[in-house]
Structures are given as structure tokens and as C-alpha cells.
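Working notes, structure below.
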Amino acid sequence: MKTNLELVEANGPIEISWCSIFNTYRYFDVHKNTSSTYFCLVDRDNNSILGVAHFTDIGSGVFRSPSRGTFSGIEFQKADLEQQIFFITQIENRMMSKGAKKIAIASAPFHHNIVESTYLFNSLTNVGYSIAGQEMNFAVAVDSTSLIEKMAYNNRKRVKKCQRSNFVFEQVFTPIECQQVYELIAENRSSKGYPISMTSQQVQEMLKAFPESVYFFKAVANGQAVASAICIKIDADVLYVFYWGDLPGFEQYSPITFLANGIYEFCQANQFKLMDAGTSTLNGQPNLGLIKFKENLGMTAALKLSYIKALNET
């Protein structure tokens with residue numbers, strides 16, 4: 001291993017252009033507590049940052065990345081097994097000095113960067129990590145082909161029905177409209193018995209920290225919002241549909257399908273390469289209806305893995 005590599009703990013804001021939003025120092029800063037640490041792998045020859053990760057004690061000596069959120073983990077500027085193993089083992093040593101007994105990592109879906117995810121899988125499993133969980137993540141590649149062409153036949157009919165009925169897709173910006181987007185989603189989840197993982201205040205804090213990366217959308221029929229979504233720009237290539245939902249009583253139109261088409265067109269216009277609609281499993285158990293819904297939108301599945309290692313094991 002080159003001796004120019006060094007593990008550094010960041011103690012203040014740093015800007016890294018190549019990492020995903022969940023691995024930025026800004027995201028870490030919003031969610032950190034006194035046990036949290038942000039690590040950088042630094043090449044001292046040119047003082048560049050090659051890798052980043054952050055961990056927080058979530059209890060009982062388990063240090064997790066991220067402390068909260070869908071994924072974070074260890075991210076590198078480029079896939080390099082030697083650098084990865086060095087960084088991972090250095091993090092473990094530093095974490096043990098902080099009292100860590102286990103390290104848990106929720107990694108990005110393979111959709112986002114299949115090469116990086118594959119290298120990370122190999123690195124982690126070769127230094128003693130095991131698979132703690134597996135989920136099925138659904139996404140659709142964004143290209144010159146319309147989403148309508150990728151959809152199942154019945155969904156194409158629904159989008160066209162909404163278009164004939166003068167449904168309108170809008171991006172919203174004002175605090176009042178953004179709050180209405182959130183409330184519609186919360187109502188949708190409540191009607192189905194699903195919890196919503198972030199409060200309105202937490203969403204507003206995320207928007208304040210990342211005003212350029214959090215988007216609010218709605219589908220409007222006759223002046224009424226009938227579906228809405230909150231999306232997050234993961235990086236220059238990936239737009240993540242963080243929350244979405246529609247109002248009960250509009251099933252004959254399926255406004256969520258119309259909304260999905262609008263978000264995809266937004267991705268096309270803004271040079272995103274992937275529209276990620278998240279997981280459709282819980283603790284590995286499939287939600288068959290949700291899977292079919294996303295498949296009918298033209299989406300495909302990829303793995304999203306979480307890892308764990310007990311640090312007192314060799």
C-alpha cells in the first residue's frame with residue numbers, strides 16, 4: 001500500500017464535488033451527535049480526498065452509517081480495491097478506539113454505480129463483513145425514450161387519460177406549496193396505514209441544508225393537487241423519489257402515474273441518468289403490489305445491501 005494515504009477526521013465543513021448527497025459533510029452536519037465522526041481518505045502527495053465515510057453510535061456500541069437515512073456507507077472517488085481495504089481497516093481501528101463493538105453500513109443501491117457497489121461488496125466481505133440485510137430497489141434509466149413508452153399498456157392509457165383531462169404537472173417552490181406537498185403525501189400514507197419517516201420540520205431542515213437538491217412536485221386537476229412528490233438529487237446522475245403519493249378517490253385516473261411521467265420528463269430536461277423510486281421490500285420481504293406498480297411504470301430491480309461486522313472478531 002502506498003504510504004501517501006492517510007485517514008483524517010474532518011472537524012469542519014468540507015466540499016467534495018464527487019460524492020453523493022448522503023455522504024457530504026453538510027448531510028453529516030445536519031444529523032450528527034457527539035459520537036459522530038466524518039472520515040476522509042487523503043492522498044498526501046496532492047492533498048486530494050479519495051474516499052469519505054461517516055459513522056454514529058446508535059447504541060450498544062454499534063456505529064452505523066448513516067445515523068439515519070436510506071443509505072450512506074463508504075464512498076470513493078474511483079473504484080480501487082487496495083485503497084478501499086486500507087480505508088475500511090483504518091476506520092475500524094479508529095472506531096474501536098472510540099468504543100465501537102460493531103460497524104453497520106447501509107450502502108447505496110447497485111443501480112447508482114454498479115462498479116463501485118461491486119468493488120465495495122468485495123472489499124467489505126473480504127475483511128470480515130457479512131450481509132445484514134438485502135432489499136430490492138427499483139429505478140428506471142433516463143434516456144431519450146419517454147417513460148410512457150416504457151410503461152405497461154394500462155399505465156400508458158392512464159397517463160393519456162390524465163392528459164386529456166387537462167392534468168398539469170408542476171414543480172413548486174413556495175413554503176406554503178411545499179408544505180401542501182408534504183401534507184398530501186402524509187395523508188396518502190395515513191390512509192394506507194404507513195408511517196412517514198420524517199416530520200415536516202425535518203423535511204424543512206433538509207431543504208434548508210440542501211436548497212439546490214430537494215425538489216417538490218405536484219399533479220393538479222381542476223385546480224386541486226391530486227398527487228405530489230418530494231425528490232432528492234443524490235448526485236448529478238441520480239434523482240431519488242424520496243416520498244410520493246396521491247389522494248384517495250382518483251383511482252380511475254391514477255394521478256401518481258401521471259406524476260411519475262412528469263418527474264421522468266424533469267429528469268430528461270435536467271440531464272439525470274437514473275430515476276430511483278426506492279425499495280419495495282421491508283427487511284427483505286416483498287411488497288408484491290408495490291413491486292408490480294413500479295414494474296408497470298417501467299422500472300427494474302437491483303440489490304440494496306447492508307453490512308455488519310463485529311470488531312472483536314478476526
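Identifiers in the C-alpha cells: chain A, B, ... in order shown; residue index from 1 per chain; ligand index from 1 in order shown.
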Using 10 Å as the limit and counting only C-alpha atoms, can you tabulate each residue of segment 149-254 of chain A that touches segment 123-145 of chain A, with its shortest atom-to-atom distance in Å and the two atoms involved, as a Markdown table?
| residue | atom | partner | partner_atom | distance |
| --- | --- | --- | --- | --- |
| A:Glu149 | CA | A:Thr145 | CA | 6.8 |
| A:Lys150 | CA | A:Thr145 | CA | 7.7 |
| A:Asp237 | CA | A:Val142 | CA | 9.4 |
| A:Val238 | CA | A:Val142 | CA | 9.3 |
| A:Leu239 | CA | A:Ala139 | CA | 9.7 |
| A:Tyr240 | CA | A:Ala139 | CA | 8.8 |
| A:Val241 | CA | A:Ala139 | CA | 9.5 |
Please tabulate, as CSV, the residues of segment 132-225 of chain A that come within 9 Å of segment 28-51 of chain A, each with its closest pair of atoms and the distance in Å to one decimal, counting only C-alpha atoms and ordering rows by chain, then residue number upward.
residue,atom,partner,partner_atom,distance
A:Glu205,CA,A:Val30,CA,8.0
A:Met206,CA,A:Val30,CA,7.8
A:Ala209,CA,A:Val30,CA,7.5
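Residues lying within 6 Å of segment 57-66 of chain A, counting only C-alpha atoms and ignoring same-chain neighbours fewer than 2 positions away, are Ser35, His54, Phe55, Arg68, Ser72, Gly73, Ala100, Lys101, Lys102, Ile103, Ala104 and Ile105 of chain A.
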Restricted to all heavy atoms, what would the selected residues look like written as a PDB file, in the first residue's frame?
ATOM      1  N   SER A  35     -21.191  11.565  19.174  1.00  0.00           N
ATOM      2  CA  SER A  35     -20.470  10.328  18.853  1.00  0.00           C
ATOM      3  C   SER A  35     -20.099  10.228  17.372  1.00  0.00           C
ATOM      4  O   SER A  35     -19.408   9.291  16.974  1.00  0.00           O
ATOM      5  CB  SER A  35     -21.323   9.111  19.235  1.00  0.00           C
ATOM      6  OG  SER A  35     -22.407   8.950  18.321  1.00  0.00           O
ATOM      7  N   HIS A  54     -18.976   8.357   7.112  1.00  0.00           N
ATOM      8  CA  HIS A  54     -19.280   8.898   8.437  1.00  0.00           C
ATOM      9  C   HIS A  54     -20.076   7.887   9.240  1.00  0.00           C
ATOM     10  O   HIS A  54     -20.888   7.125   8.695  1.00  0.00           O
ATOM     11  CB  HIS A  54     -20.024  10.237   8.346  1.00  0.00           C
ATOM     12  CG  HIS A  54     -21.283  10.220   7.540  1.00  0.00           C
ATOM     13  ND1 HIS A  54     -22.510   9.898   8.076  1.00  0.00           N
ATOM     14  CD2 HIS A  54     -21.504  10.505   6.232  1.00  0.00           C
ATOM     15  CE1 HIS A  54     -23.439   9.996   7.131  1.00  0.00           C
ATOM     16  NE2 HIS A  54     -22.850  10.357   6.005  1.00  0.00           N
ATOM     17  N   PHE A  55     -19.814   7.858  10.535  1.00  0.00           N
ATOM     18  CA  PHE A  55     -20.420   6.875  11.420  1.00  0.00           C
ATOM     19  C   PHE A  55     -20.879   7.539  12.710  1.00  0.00           C
ATOM     20  O   PHE A  55     -20.277   8.506  13.180  1.00  0.00           O
ATOM     21  CB  PHE A  55     -19.417   5.769  11.746  1.00  0.00           C
ATOM     22  CG  PHE A  55     -19.116   4.859  10.586  1.00  0.00           C
ATOM     23  CD1 PHE A  55     -18.109   5.174   9.700  1.00  0.00           C
ATOM     24  CD2 PHE A  55     -19.860   3.712  10.374  1.00  0.00           C
ATOM     25  CE1 PHE A  55     -17.829   4.358   8.613  1.00  0.00           C
ATOM     26  CE2 PHE A  55     -19.592   2.887   9.295  1.00  0.00           C
ATOM     27  CZ  PHE A  55     -18.577   3.204   8.422  1.00  0.00           C
ATOM     28  N   ARG A  68     -29.059   8.079  10.360  1.00  0.00           N
ATOM     29  CA  ARG A  68     -30.438   7.943   9.901  1.00  0.00           C
ATOM     30  C   ARG A  68     -30.449   8.209   8.407  1.00  0.00           C
ATOM     31  O   ARG A  68     -29.586   8.900   7.875  1.00  0.00           O
ATOM     32  CB  ARG A  68     -31.394   8.900  10.622  1.00  0.00           C
ATOM     33  CG  ARG A  68     -31.109  10.364  10.421  1.00  0.00           C
ATOM     34  CD  ARG A  68     -32.243  11.218  10.951  1.00  0.00           C
ATOM     35  NE  ARG A  68     -33.472  10.945  10.235  1.00  0.00           N
ATOM     36  CZ  ARG A  68     -34.696  11.073  10.762  1.00  0.00           C
ATOM     37  NH1 ARG A  68     -34.832  11.450  12.003  1.00  0.00           N
ATOM     38  NH2 ARG A  68     -35.763  10.821  10.045  1.00  0.00           N
ATOM     39  N   SER A  72     -25.832   5.426   3.053  1.00  0.00           N
ATOM     40  CA  SER A  72     -24.658   6.300   3.069  1.00  0.00           C
ATOM     41  C   SER A  72     -23.449   5.423   2.800  1.00  0.00           C
ATOM     42  O   SER A  72     -23.081   5.186   1.672  1.00  0.00           O
ATOM     43  CB  SER A  72     -24.550   7.045   4.408  1.00  0.00           C
ATOM     44  OG  SER A  72     -23.495   7.967   4.357  1.00  0.00           O
ATOM     45  N   GLY A  73     -22.845   4.886   3.875  1.00  0.00           N
ATOM     46  CA  GLY A  73     -21.763   3.939   3.680  1.00  0.00           C
ATOM     47  C   GLY A  73     -20.443   4.591   3.352  1.00  0.00           C
ATOM     48  O   GLY A  73     -20.181   5.743   3.705  1.00  0.00           O
ATOM     49  N   ALA A 100     -16.284   1.341  19.651  1.00  0.00           N
ATOM     50  CA  ALA A 100     -17.178   0.601  18.759  1.00  0.00           C
ATOM     51  C   ALA A 100     -17.013  -0.904  18.955  1.00  0.00           C
ATOM     52  O   ALA A 100     -15.897  -1.419  19.041  1.00  0.00           O
ATOM     53  CB  ALA A 100     -16.903   0.965  17.314  1.00  0.00           C
ATOM     54  N   LYS A 101     -18.144  -1.597  19.017  1.00  0.00           N
ATOM     55  CA  LYS A 101     -18.155  -3.059  19.069  1.00  0.00           C
ATOM     56  C   LYS A 101     -18.584  -3.661  17.730  1.00  0.00           C
ATOM     57  O   LYS A 101     -18.190  -4.774  17.390  1.00  0.00           O
ATOM     58  CB  LYS A 101     -19.094  -3.535  20.178  1.00  0.00           C
ATOM     59  CG  LYS A 101     -18.662  -3.086  21.568  1.00  0.00           C
ATOM     60  CD  LYS A 101     -19.655  -3.540  22.624  1.00  0.00           C
ATOM     61  CE  LYS A 101     -19.215  -3.070  24.013  1.00  0.00           C
ATOM     62  NZ  LYS A 101     -20.205  -3.469  25.062  1.00  0.00           N
ATOM     63  N   LYS A 102     -19.405  -2.921  16.998  1.00  0.00           N
ATOM     64  CA  LYS A 102     -19.851  -3.359  15.682  1.00  0.00           C
ATOM     65  C   LYS A 102     -19.894  -2.164  14.744  1.00  0.00           C
ATOM     66  O   LYS A 102     -20.112  -1.031  15.189  1.00  0.00           O
ATOM     67  CB  LYS A 102     -21.242  -4.013  15.733  1.00  0.00           C
ATOM     68  CG  LYS A 102     -21.293  -5.347  16.439  1.00  0.00           C
ATOM     69  CD  LYS A 102     -22.704  -5.935  16.383  1.00  0.00           C
ATOM     70  CE  LYS A 102     -22.740  -7.300  17.062  1.00  0.00           C
ATOM     71  NZ  LYS A 102     -24.110  -7.893  17.016  1.00  0.00           N
ATOM     72  N   ILE A 103     -19.722  -2.429  13.466  1.00  0.00           N
ATOM     73  CA  ILE A 103     -19.911  -1.411  12.434  1.00  0.00           C
ATOM     74  C   ILE A 103     -21.010  -1.892  11.501  1.00  0.00           C
ATOM     75  O   ILE A 103     -20.979  -3.042  11.032  1.00  0.00           O
ATOM     76  CB  ILE A 103     -18.618  -1.154  11.649  1.00  0.00           C
ATOM     77  CG1 ILE A 103     -17.605  -0.395  12.520  1.00  0.00           C
ATOM     78  CG2 ILE A 103     -18.899  -0.339  10.392  1.00  0.00           C
ATOM     79  CD1 ILE A 103     -16.327  -0.014  11.816  1.00  0.00           C
ATOM     80  N   ALA A 104     -21.979  -1.025  11.271  1.00  0.00           N
ATOM     81  CA  ALA A 104     -23.099  -1.326  10.366  1.00  0.00           C
ATOM     82  C   ALA A 104     -23.104  -0.295   9.245  1.00  0.00           C
ATOM     83  O   ALA A 104     -22.908   0.902   9.485  1.00  0.00           O
ATOM     84  CB  ALA A 104     -24.427  -1.299  11.125  1.00  0.00           C
ATOM     85  N   ILE A 105     -23.318  -0.772   8.032  1.00  0.00           N
ATOM     86  CA  ILE A 105     -23.274   0.090   6.846  1.00  0.00           C
ATOM     87  C   ILE A 105     -24.497  -0.173   5.983  1.00  0.00           C
ATOM     88  O   ILE A 105     -24.760  -1.317   5.605  1.00  0.00           O
ATOM     89  CB  ILE A 105     -22.005  -0.180   6.012  1.00  0.00           C
ATOM     90  CG1 ILE A 105     -20.747   0.159   6.819  1.00  0.00           C
ATOM     91  CG2 ILE A 105     -22.029   0.604   4.704  1.00  0.00           C
ATOM     92  CD1 ILE A 105     -19.461  -0.322   6.168  1.00  0.00           C
TER      93      ILE A 105
END
Enumerate, as a ChimeraX atom specification, the complete set of residues in segment 89-153 of chain A that a backbone-based DSSP assignment places in alpha helix (DSSP H). /A:89-97,114-126,147-150,153
What's around His112 of chain A at 12 Å? Count only C-alpha atoms, leave out sequence neighbours fewer than 3 positions away in its own chain, and write the answer as a ChimeraX atom specification. /A:19-20,71,75,107-109,115-118,137-141,234-240,272-278,301-304
In Å to one decimal, how far is atom CA of Asn113 of chain A from atom CA of Met151 of chain A?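 Separation between atom CA of Met151 of chain A and atom CA of Asn113 of chain A: 23.8 Å.
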What does the distance from atom CA of Asn222 of chain A to atom CA of Gln268 of chain A come to in Å, to one decimal?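 Atom CA of Gln268 of chain A lies at a distance of 26.4 Å from atom CA of Asn222 of chain A.
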